[in-house]
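*Asks:* Sharing a structure below in structure tokens format, with a few things to ask.
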Amino acid sequence: MKYLHLIWAALFRRKLRTVLTLVSIITAFLLFGLLDAVRTSFDQAGQSANGASRLQTGSRLSFIQTLPMALTQRIQAVDGVKMVTYANWFGGAYQDPHNQVFSFAVAPNYLDAYPEMVVTDQAKQAFASTRIGALVGEGLARRFNWKVGDKIPLQSTIFPDRSGSKNWQFEIVGLIHAADKKSGGWYDQMFLLNWKYFDDTTPYNQGAVGWYVTRVNDANQADRVAKAIDAISANSDHETRTQTEQAAMASWMKQVADIGLIVSSIMGAVFFTLLLLSGNTMMQAVRERTSEIAVLKTIGFSGHSVLAMVLAESILLLVIGGVIGLGLASVLGPIISAGSGGSLNLPAAGLNSWAMGVGFMVLFGVIVGALPALNAMRLNITDALAGRA
């Protein structure tokens with residue numbers, strides 16, 4: 001610590017170059033923080049306490065493969081099952097195909113399986129009695145300025161009606177409130193329609209079910225119940241895979257896109273570029289100070305002391321930029337989530353993200369500083385002062 005003033009002075013010897021390098025480092029770790037928040041958001045899907053007591057049963061072949069309605073009663077008869085409900089993916093978009101909404105056709109008892117979704121009794125009754133009725137998340141309603149009583153045209157990107165049109169009409173009969181605001185980014189954006197209306201209106205469903213949701217009496221027995229449910233359809237043309245809600249969500253996302261691979265690929269490219277830029281900055285900085293390093297050695301600084309000072313300078317550069325970048329990610333994540341109306345749920349950088357980020361800062365600091373530090377340690381005083389180094 002007694003040489004910190006020397007390290008600091010060396011770091012900001014060329015202020016403009018240092019600032020520009022810091023901007024690059026800040027940008028890299030800002031991206032790291034935001035992308036890690038995206039990964040964390042998907043990893044946390046289905047991890048609520050209620051989700052631990054729920055199982056999802058879908059086709060073993062693919063998540064787009066439907067299942068027969070006849071499985072409902074057979075699953076309900078499995079020992080340990082508390083209740084069974086079902087849903088189908090609707091694939092709705094509002095006004096523009098880019099305005100995708102989480103839209104599902106659901107069974108009458110679907111809400112009973114999800115205490116995370118709070119709906120008034122009046123809204124539930126209206127939903128049950130209104131054929132084209134829809135329940136809409138409060139975040140989604142706020143996003144499009146919808147209110148109860150509005151007639152909403154929704155375009156299905158998958159299912160046409162019996163006339164061949166993909167334009168469907170719905171009436172908002174109630175709002176969905178998230179019991180836990182941390183999960184509001186998901187439940188606040190849902191659009192639920194009646195499964196019977198969906199099944200009667202499209203010729204492509206005909207009594208089929210997209211997936212089943214099962215609540216179990218004892219979460220500790222979930223594995224046994226899952227195996228019993230899958231045994232029902234073993235060796236049939238509609239074999240099933242029953243998983244915990246978290247595993248089902250992860251499996252579904254991997255079939256759509258491998259979020260972890262995407263995040264890792266982007267960050268790999270960003271950090272590789274950062275290493276080249278920071279390494280070049282450190283090489284130039286040490287090369288410009290060749291005579292100064294020679295003077296330090298002349299007045300008694302050992303080669304190892306010079307090595308440590310250059311490494312400390314490199315690490316300090318990465319740590320300053322990295323901490324600012326991660327700090328900005330922690331602030332901007334919730335702001336972006338709020339600005340998206342809940343369609344994005346980016347948590348602030350947590351302890352794991354900070355620990356990983358600081359680890360990268362130190363590691364990259366050592367990597368980019370290693371070569372110039374070794375060159376400084378091996379510097380010959382006579383050659384350096386004579387201008388031959």
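Labels used: A, B, ... for chains in the order of the structure tokens, numbers from 1 for residues in each chain, and numbers from 1 for ligands as shown.
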Using only C-alpha atoms, which protein or nucleic acid residues come within 6 Å of segment 306-313 of chain A? Drop anything in the same chain fewer than 2 positions from it, and give the result as an NGL selection string.
*Replies:* :A and (7 or 303-304 or 315-316 or 369 or 373 or 377)
*Asks:* Could you pull the residues within 8 Å of segment 56-64 of chain A, counting only C-alpha atoms, minus those fewer than 5 positions along the same chain, as a ChimeraX atom specification?
*Replies:* /A:210-214,238-245,248,252
*Asks:* Might you pull out every residue within 7 Å of Phe90 of chain A, with only C-alpha atoms counted and same-chain residues fewer than 2 positions away left off, and present them as a list of chain:residue names?
*Replies:*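 Neighbouring residues, sequence-local ones excluded: A:Asn88, A:Gly92, A:Ser103, A:Phe104, A:Ala105, A:Ser156, A:Ile158.
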*Asks:* Generate the output file for the selected residues, all heavy atoms, as a tab-separated table (two decimals), in the first residue's frame.
*Replies:*
```tsv
chain	number	residue	atom	x	y	z
A	88	ASN	N	-52.86	-24.70	-23.24
A	88	ASN	CA	-52.29	-24.74	-24.59
A	88	ASN	C	-51.62	-23.41	-24.90
A	88	ASN	O	-52.12	-22.35	-24.49
A	88	ASN	CB	-53.37	-24.99	-25.66
A	88	ASN	CG	-53.90	-26.39	-25.65
A	88	ASN	OD1	-54.53	-26.81	-24.68
A	88	ASN	ND2	-53.69	-27.13	-26.72
A	92	GLY	N	-50.06	-15.42	-29.17
A	92	GLY	CA	-50.75	-14.21	-29.56
A	92	GLY	C	-49.83	-13.01	-29.76
A	92	GLY	O	-48.76	-12.91	-29.17
A	103	SER	N	-49.57	-15.66	-24.15
A	103	SER	CA	-51.00	-15.98	-24.22
A	103	SER	C	-51.21	-17.49	-24.17
A	103	SER	O	-50.58	-18.23	-24.94
A	103	SER	CB	-51.62	-15.39	-25.48
A	103	SER	OG	-50.81	-15.65	-26.62
A	104	PHE	N	-52.10	-17.93	-23.27
A	104	PHE	CA	-52.37	-19.35	-23.07
A	104	PHE	C	-53.88	-19.58	-22.99
A	104	PHE	O	-54.60	-18.80	-22.38
A	104	PHE	CB	-51.74	-19.87	-21.77
A	104	PHE	CG	-50.27	-19.58	-21.66
A	104	PHE	CD1	-49.81	-18.48	-20.93
A	104	PHE	CD2	-49.33	-20.39	-22.28
A	104	PHE	CE1	-48.47	-18.20	-20.84
A	104	PHE	CE2	-47.98	-20.12	-22.18
A	104	PHE	CZ	-47.54	-19.03	-21.45
A	105	ALA	N	-54.33	-20.67	-23.61
A	105	ALA	CA	-55.70	-21.14	-23.41
A	105	ALA	C	-55.66	-22.08	-22.22
A	105	ALA	O	-54.91	-23.06	-22.22
A	105	ALA	CB	-56.19	-21.86	-24.66
A	156	SER	N	-53.20	-14.70	-33.56
A	156	SER	CA	-52.43	-15.89	-33.20
A	156	SER	C	-51.39	-16.16	-34.28
A	156	SER	O	-51.72	-16.21	-35.47
A	156	SER	CB	-53.34	-17.11	-33.05
A	156	SER	OG	-52.56	-18.27	-32.81
A	158	ILE	N	-49.97	-18.87	-34.55
A	158	ILE	CA	-49.98	-20.32	-34.77
A	158	ILE	C	-51.33	-20.81	-35.29
A	158	ILE	O	-51.41	-21.49	-36.32
A	158	ILE	CB	-49.64	-21.07	-33.46
A	158	ILE	CG1	-48.32	-20.57	-32.86
A	158	ILE	CG2	-49.58	-22.58	-33.71
A	158	ILE	CD1	-48.04	-21.12	-31.49
```
*Asks:* Report as a PyMOL selection string: the residues of segment 150-314 of chain A with a DSSP assignment of strand (DSSP E or B), based on the backbone of this structure.
*Replies:* chain A and resi 151-156+167-178+190-194+208-209+211-216+240-244
*Asks:* What is the atom CA of Val173 of chain A to atom CA of Tyr114 of chain A distance in Å?
*Replies:* 18.5 Å
*Asks:* Write out as a CSV table (one decimal) with C-alpha atoms, in the first residue's frame which residues come within 9 Å of Phe159 of chain A when counting only C-alpha atoms, dropping same-chain ones fewer than 4 positions away.
*Replies:*
```csv
chain,number,residue,atom,x,y,z
A,90,PHE,CA,-51.8,-19.7,-28.2
A,91,GLY,CA,-49.0,-17.6,-29.6
A,155,GLN,CA,-53.6,-12.3,-33.7
A,164,GLY,CA,-59.0,-19.5,-41.7
A,165,SER,CA,-58.4,-16.2,-40.1
A,166,LYS,CA,-55.7,-15.8,-37.4
A,202,THR,CA,-59.7,-23.7,-34.1
A,203,PRO,CA,-59.9,-26.9,-36.2
A,204,TYR,CA,-56.3,-27.7,-35.3
A,205,ASN,CA,-56.7,-28.7,-31.7
```
